[in-house]
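Source file: start-v8.tsv. Holds: TSV, N, CA and C atoms.
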chain	number	residue	atom	x	y	z
A	1	MET	N	-5.79	80.96	97.87
A	1	MET	CA	-5.42	82.37	98.01
A	1	MET	C	-6.45	83.13	98.84
A	2	GLU	N	-7.71	82.78	98.67
A	2	GLU	CA	-8.77	83.47	99.41
A	2	GLU	C	-8.60	83.29	100.91
A	3	LYS	N	-8.26	82.08	101.33
A	3	LYS	CA	-8.07	81.82	102.76
A	3	LYS	C	-6.89	82.64	103.29
A	4	ALA	N	-5.83	82.72	102.52
A	4	ALA	CA	-4.66	83.50	102.94
A	4	ALA	C	-5.03	84.97	103.15
A	5	LEU	N	-5.84	85.50	102.26
A	5	LEU	CA	-6.27	86.90	102.40
A	5	LEU	C	-7.15	87.09	103.63
A	6	ARG	N	-7.97	86.09	103.92
A	6	ARG	CA	-8.82	86.18	105.12
A	6	ARG	C	-7.97	86.14	106.38
A	7	VAL	N	-6.94	85.27	106.37
A	7	VAL	CA	-6.02	85.20	107.52
A	7	VAL	C	-5.31	86.54	107.69
A	8	TYR	N	-4.83	87.09	106.60
A	8	TYR	CA	-4.14	88.39	106.64
A	8	TYR	C	-5.06	89.48	107.20
A	9	GLY	N	-6.28	89.51	106.73
A	9	GLY	CA	-7.24	90.50	107.22
A	9	GLY	C	-7.50	90.37	108.71
A	10	GLU	N	-7.64	89.13	109.17
A	10	GLU	CA	-7.86	88.91	110.60
A	10	GLU	C	-6.64	89.32	111.41
A	11	MET	N	-5.46	89.07	110.88
A	11	MET	CA	-4.24	89.48	111.59
A	11	MET	C	-4.19	91.00	111.71
A	12	LEU	N	-4.56	91.70	110.66
A	12	LEU	CA	-4.56	93.17	110.73
A	12	LEU	C	-5.60	93.67	111.73
A	13	ARG	N	-6.72	92.98	111.84
A	13	ARG	CA	-7.71	93.36	112.85
A	13	ARG	C	-7.14	93.21	114.26
A	14	LEU	N	-6.36	92.15	114.45
A	14	LEU	CA	-5.74	91.93	115.76
A	14	LEU	C	-4.69	93.00	116.05
A	15	VAL	N	-3.98	93.43	115.02
A	15	VAL	CA	-2.97	94.49	115.20
A	15	VAL	C	-3.62	95.74	115.78
A	16	ARG	N	-4.85	96.02	115.40
A	16	ARG	CA	-5.55	97.21	115.92
A	16	ARG	C	-5.81	97.13	117.42
A	17	ARG	N	-5.72	95.95	117.99
A	17	ARG	CA	-5.94	95.79	119.43
A	17	ARG	C	-4.65	96.00	120.24
A	18	LEU	N	-3.54	96.12	119.54
A	18	LEU	CA	-2.26	96.32	120.21
A	18	LEU	C	-2.08	97.79	120.59
A	19	PRO	N	-1.13	98.06	121.48
A	19	PRO	CA	-0.86	99.46	121.82
A	19	PRO	C	-0.50	100.26	120.57
A	20	LYS	N	-0.93	101.47	120.53
A	20	LYS	CA	-0.77	102.31	119.34
A	20	LYS	C	0.66	102.35	118.81
A	21	GLU	N	1.62	102.44	119.71
A	21	GLU	CA	3.01	102.57	119.27
A	21	GLU	C	3.57	101.29	118.63
A	22	SER	N	2.95	100.15	118.89
A	22	SER	CA	3.46	98.89	118.32
A	22	SER	C	2.74	98.48	117.04
A	23	ARG	N	1.64	99.11	116.74
A	23	ARG	CA	0.83	98.73	115.57
A	23	ARG	C	1.58	98.80	114.24
A	24	PRO	N	2.30	99.89	113.95
A	24	PRO	CA	2.98	99.95	112.65
A	24	PRO	C	3.98	98.80	112.46
A	25	TYR	N	4.71	98.46	113.51
A	25	TYR	CA	5.68	97.38	113.40
A	25	TYR	C	5.00	96.06	113.04
A	26	TYR	N	3.94	95.70	113.77
A	26	TYR	CA	3.29	94.41	113.54
A	26	TYR	C	2.48	94.39	112.25
A	27	ALA	N	1.93	95.50	111.84
A	27	ALA	CA	1.24	95.56	110.55
A	27	ALA	C	2.24	95.33	109.42
A	28	LYS	N	3.41	95.97	109.53
A	28	LYS	CA	4.45	95.79	108.52
A	28	LYS	C	4.98	94.35	108.55
A	29	TYR	N	5.16	93.81	109.73
A	29	TYR	CA	5.65	92.44	109.89
A	29	TYR	C	4.68	91.45	109.22
A	30	ALA	N	3.39	91.63	109.47
A	30	ALA	CA	2.40	90.73	108.86
A	30	ALA	C	2.42	90.85	107.34
A	31	ARG	N	2.47	92.06	106.86
A	31	ARG	CA	2.49	92.26	105.40
A	31	ARG	C	3.73	91.63	104.78
A	32	GLU	N	4.88	91.87	105.37
A	32	GLU	CA	6.11	91.31	104.82
A	32	GLU	C	6.07	89.79	104.78
A	33	ASN	N	5.52	89.18	105.82
A	33	ASN	CA	5.43	87.72	105.84
A	33	ASN	C	4.49	87.20	104.76
A	34	PHE	N	3.38	87.87	104.56
A	34	PHE	CA	2.47	87.41	103.52
A	34	PHE	C	3.05	87.63	102.14
A	35	VAL	N	3.77	88.72	101.95
A	35	VAL	CA	4.42	88.97	100.66
A	35	VAL	C	5.49	87.90	100.41
A	36	ASN	N	6.24	87.56	101.44
A	36	ASN	CA	7.30	86.55	101.29
A	36	ASN	C	6.74	85.19	100.88
A	37	TYR	N	5.53	84.89	101.28
A	37	TYR	CA	4.95	83.58	100.97
A	37	TYR	C	3.96	83.62	99.80
A	38	ARG	N	3.93	84.69	99.06
A	38	ARG	CA	2.95	84.80	97.97
A	38	ARG	C	3.19	83.80	96.85
A	39	ASP	N	4.43	83.34	96.70
A	39	ASP	CA	4.74	82.35	95.67
A	39	ASP	C	4.69	80.92	96.21
A	40	PHE	N	4.13	80.78	97.38
A	40	PHE	CA	4.00	79.48	98.01
A	40	PHE	C	3.12	78.57	97.16
A	41	ASP	N	3.43	77.30	97.11
A	41	ASP	CA	2.67	76.34	96.31
A	41	ASP	C	1.29	76.11	96.95
A	42	ALA	N	0.27	76.68	96.36
A	42	ALA	CA	-1.09	76.61	96.91
A	42	ALA	C	-1.67	75.20	96.85
A	43	SER	N	-1.07	74.33	96.07
A	43	SER	CA	-1.58	72.96	95.98
A	43	SER	C	-1.07	72.08	97.12
A	44	ASP	N	-0.11	72.57	97.88
A	44	ASP	CA	0.44	71.82	99.01
A	44	ASP	C	-0.35	72.16	100.27
A	45	SER	N	-1.48	71.50	100.45
A	45	SER	CA	-2.39	71.85	101.54
A	45	SER	C	-1.77	71.62	102.91
A	46	LYS	N	-0.92	70.61	103.04
A	46	LYS	CA	-0.29	70.35	104.34
A	46	LYS	C	0.64	71.51	104.73
A	47	ALA	N	1.41	71.98	103.77
A	47	ALA	CA	2.32	73.10	104.05
A	47	ALA	C	1.54	74.37	104.35
A	48	LEU	N	0.45	74.60	103.63
A	48	LEU	CA	-0.39	75.78	103.89
A	48	LEU	C	-1.00	75.71	105.28
A	49	ASP	N	-1.50	74.54	105.65
A	49	ASP	CA	-2.07	74.38	106.99
A	49	ASP	C	-1.03	74.67	108.06
A	50	GLU	N	0.20	74.22	107.84
A	50	GLU	CA	1.27	74.49	108.79
A	50	GLU	C	1.57	75.99	108.87
A	51	LEU	N	1.56	76.63	107.74
A	51	LEU	CA	1.81	78.07	107.68
A	51	LEU	C	0.72	78.85	108.43
A	52	PHE	N	-0.54	78.47	108.24
A	52	PHE	CA	-1.64	79.13	108.93
A	52	PHE	C	-1.57	78.84	110.44
A	53	HIS	N	-1.16	77.64	110.79
A	53	HIS	CA	-1.02	77.28	112.20
A	53	HIS	C	0.05	78.16	112.86
A	54	ARG	N	1.17	78.36	112.17
A	54	ARG	CA	2.23	79.23	112.69
A	54	ARG	C	1.74	80.67	112.82
A	55	ALA	N	0.97	81.14	111.84
A	55	ALA	CA	0.45	82.51	111.89
A	55	ALA	C	-0.44	82.69	113.12
A	56	TYR	N	-1.29	81.70	113.38
A	56	TYR	CA	-2.18	81.76	114.54
A	56	TYR	C	-1.37	81.76	115.84
A	57	ASN	N	-0.43	80.84	115.95
A	57	ASN	CA	0.37	80.74	117.17
A	57	ASN	C	1.19	82.00	117.41
A	58	HIS	N	1.75	82.56	116.36
A	58	HIS	CA	2.52	83.79	116.51
A	58	HIS	C	1.60	84.93	116.96
A	59	SER	N	0.40	84.97	116.42
A	59	SER	CA	-0.56	86.00	116.82
A	59	SER	C	-0.88	85.89	118.30
A	60	LEU	N	-1.06	84.66	118.78
A	60	LEU	CA	-1.32	84.47	120.21
A	60	LEU	C	-0.15	84.97	121.05
A	61	TRP	N	1.07	84.70	120.60
A	61	TRP	CA	2.26	85.14	121.32
A	61	TRP	C	2.27	86.66	121.43
A	62	VAL	N	1.99	87.34	120.32
A	62	VAL	CA	2.00	88.80	120.32
A	62	VAL	C	0.89	89.34	121.22
A	63	LEU	N	-0.29	88.75	121.13
A	63	LEU	CA	-1.39	89.20	121.99
A	63	LEU	C	-1.02	89.05	123.46
A	64	ASN	N	-0.42	87.91	123.81
A	64	ASN	CA	0.00	87.70	125.20
A	64	ASN	C	1.08	88.68	125.62
A	65	LYS	N	1.99	88.98	124.72
A	65	LYS	CA	3.07	89.94	125.01
A	65	LYS	C	2.50	91.28	125.46
A	66	TYR	N	1.40	91.69	124.83
A	66	TYR	CA	0.79	92.98	125.14
A	66	TYR	C	-0.46	92.86	126.02
A	67	SER	N	-0.62	91.70	126.65
A	67	SER	CA	-1.72	91.44	127.59
A	67	SER	C	-3.09	91.67	126.96
A	68	VAL	N	-3.23	91.29	125.69
A	68	VAL	CA	-4.52	91.35	125.02
A	68	VAL	C	-5.16	89.97	125.15
A	69	ASP	N	-6.42	89.94	125.51
A	69	ASP	CA	-7.13	88.67	125.71
A	69	ASP	C	-7.07	87.81	124.45
A	70	GLU	N	-6.66	86.55	124.62
A	70	GLU	CA	-6.54	85.62	123.50
A	70	GLU	C	-7.87	85.40	122.77
A	71	SER	N	-8.96	85.63	123.44
A	71	SER	CA	-10.26	85.41	122.81
A	71	SER	C	-10.44	86.32	121.60
A	72	ALA	N	-9.64	87.39	121.53
A	72	ALA	CA	-9.69	88.28	120.38
A	72	ALA	C	-9.32	87.55	119.10
A	73	ALA	N	-8.59	86.45	119.23
A	73	ALA	CA	-8.11	85.70	118.06
A	73	ALA	C	-9.04	84.56	117.67
A	74	GLN	N	-10.24	84.51	118.23
A	74	GLN	CA	-11.17	83.42	117.90
A	74	GLN	C	-11.48	83.35	116.41
A	75	LYS	N	-11.74	84.48	115.80
A	75	LYS	CA	-12.08	84.47	114.38
A	75	LYS	C	-10.88	84.03	113.54
A	76	LEU	N	-9.68	84.48	113.92
A	76	LEU	CA	-8.48	84.04	113.22
A	76	LEU	C	-8.32	82.53	113.35
A	77	LYS	N	-8.57	82.01	114.54
A	77	LYS	CA	-8.48	80.56	114.75
A	77	LYS	C	-9.45	79.83	113.85
A	78	GLN	N	-10.66	80.35	113.75
A	78	GLN	CA	-11.68	79.72	112.92
A	78	GLN	C	-11.23	79.71	111.44
A	79	VAL	N	-10.70	80.82	110.98
A	79	VAL	CA	-10.26	80.92	109.58
A	79	VAL	C	-9.07	79.98	109.33
A	80	CYS	N	-8.11	79.98	110.27
A	80	CYS	CA	-6.90	79.17	110.08
A	80	CYS	C	-7.16	77.68	110.12
A	81	PHE	N	-8.06	77.24	110.98
A	81	PHE	CA	-8.24	75.82	111.19
A	81	PHE	C	-9.50	75.22	110.56
A	82	HIS	N	-10.45	76.07	110.21
A	82	HIS	CA	-11.70	75.55	109.65
A	82	HIS	C	-12.05	76.20	108.33
A	83	GLY	N	-11.21	77.13	107.94
A	83	GLY	CA	-11.25	77.87	106.72
A	83	GLY	C	-12.42	78.07	105.94
Full structure transcribed into structure tokens:
Amino acid sequence: MEKALRVYGEMLRLVRRLPKESRPYYAKYARENFVNYRDFDASDSKALDELFHRAYNHSLWVLNKYSVDESAAQKLKQVCFHG
């Protein structure tokens, strides 16, 4: 659970780098996704790793959509893959 909260926090930090008008949408999107997976089986490490991998890749997609440098996601990458 701690890793999931760290991933969520990093995603919210990335949302702050987006254009002001898009921030509420992506902050809400991130929250809804984390709420939807709160009952996820924490003992299934393979599934969790896949979930974190998808979160990272989706974050990169959003950053690219708004021309934000991908290097902004370095800390998220570190949390998702090296936890």
- Would you list the contacts of stretch 52-61 of chain A as a ChimeraX atom specification, taking every protein, DNA or RNA residue within 7 Å and counting all atoms listed in the file, but skipping same-chain residues closer than 4 positions in sequence? /A:47-48,65-66,70,76-77,80-81
- Message: Just want the 10 Å neighbourhood of A:Asp69, counted on only C-alpha atoms, with same-chain residues fewer than 5 positions away dropped. Output as a PyMOL selection string.
- Response: chain A and resi 17+60+63-64
- Task: Considering all atoms listed in the file, return as a VMD selection string whatever protein or nucleic-acid residues lie within 8 Å of stretch 26-39 of chain A, sequence-local ones (same chain, fewer than 4 positions apart) excluded.
- Result: chain A and resid 4 8 11 to 12 15 to 16 21 to 22
What would the file look like if the residues just selected were written as a PDB file, in the coordinates of the input with N, CA and C atoms?
ATOM      1  N   ALA A   4      -5.830  82.720 102.520  1.00  0.00           N
ATOM      2  CA  ALA A   4      -4.660  83.500 102.940  1.00  0.00           C
ATOM      3  C   ALA A   4      -5.030  84.970 103.150  1.00  0.00           C
ATOM      4  N   TYR A   8      -4.830  87.090 106.600  1.00  0.00           N
ATOM      5  CA  TYR A   8      -4.140  88.390 106.640  1.00  0.00           C
ATOM      6  C   TYR A   8      -5.060  89.480 107.200  1.00  0.00           C
ATOM      7  N   MET A  11      -5.460  89.070 110.880  1.00  0.00           N
ATOM      8  CA  MET A  11      -4.240  89.480 111.590  1.00  0.00           C
ATOM      9  C   MET A  11      -4.190  91.000 111.710  1.00  0.00           C
ATOM     10  N   LEU A  12      -4.560  91.700 110.660  1.00  0.00           N
ATOM     11  CA  LEU A  12      -4.560  93.170 110.730  1.00  0.00           C
ATOM     12  C   LEU A  12      -5.600  93.670 111.730  1.00  0.00           C
ATOM     13  N   VAL A  15      -3.980  93.430 115.020  1.00  0.00           N
ATOM     14  CA  VAL A  15      -2.970  94.490 115.200  1.00  0.00           C
ATOM     15  C   VAL A  15      -3.620  95.740 115.780  1.00  0.00           C
ATOM     16  N   ARG A  16      -4.850  96.020 115.400  1.00  0.00           N
ATOM     17  CA  ARG A  16      -5.550  97.210 115.920  1.00  0.00           C
ATOM     18  C   ARG A  16      -5.810  97.130 117.420  1.00  0.00           C
ATOM     19  N   GLU A  21       1.620 102.440 119.710  1.00  0.00           N
ATOM     20  CA  GLU A  21       3.010 102.570 119.270  1.00  0.00           C
ATOM     21  C   GLU A  21       3.570 101.290 118.630  1.00  0.00           C
ATOM     22  N   SER A  22       2.950 100.150 118.890  1.00  0.00           N
ATOM     23  CA  SER A  22       3.460  98.890 118.320  1.00  0.00           C
ATOM     24  C   SER A  22       2.740  98.480 117.040  1.00  0.00           C
TER      25      SER A  22
END
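Residue nearest A:Glu10, chosen from A:Val68, A:His82, A:Tyr25, A:Gln74 and counting only C-alpha atoms: A:Gln74.
Here atom N of A:Pro19 and atom N of A:Val7 stand 20.6 Å from one another.
Separating atom N of A:Leu14 from atom N of A:Ser45 is a distance of 25.4 Å.
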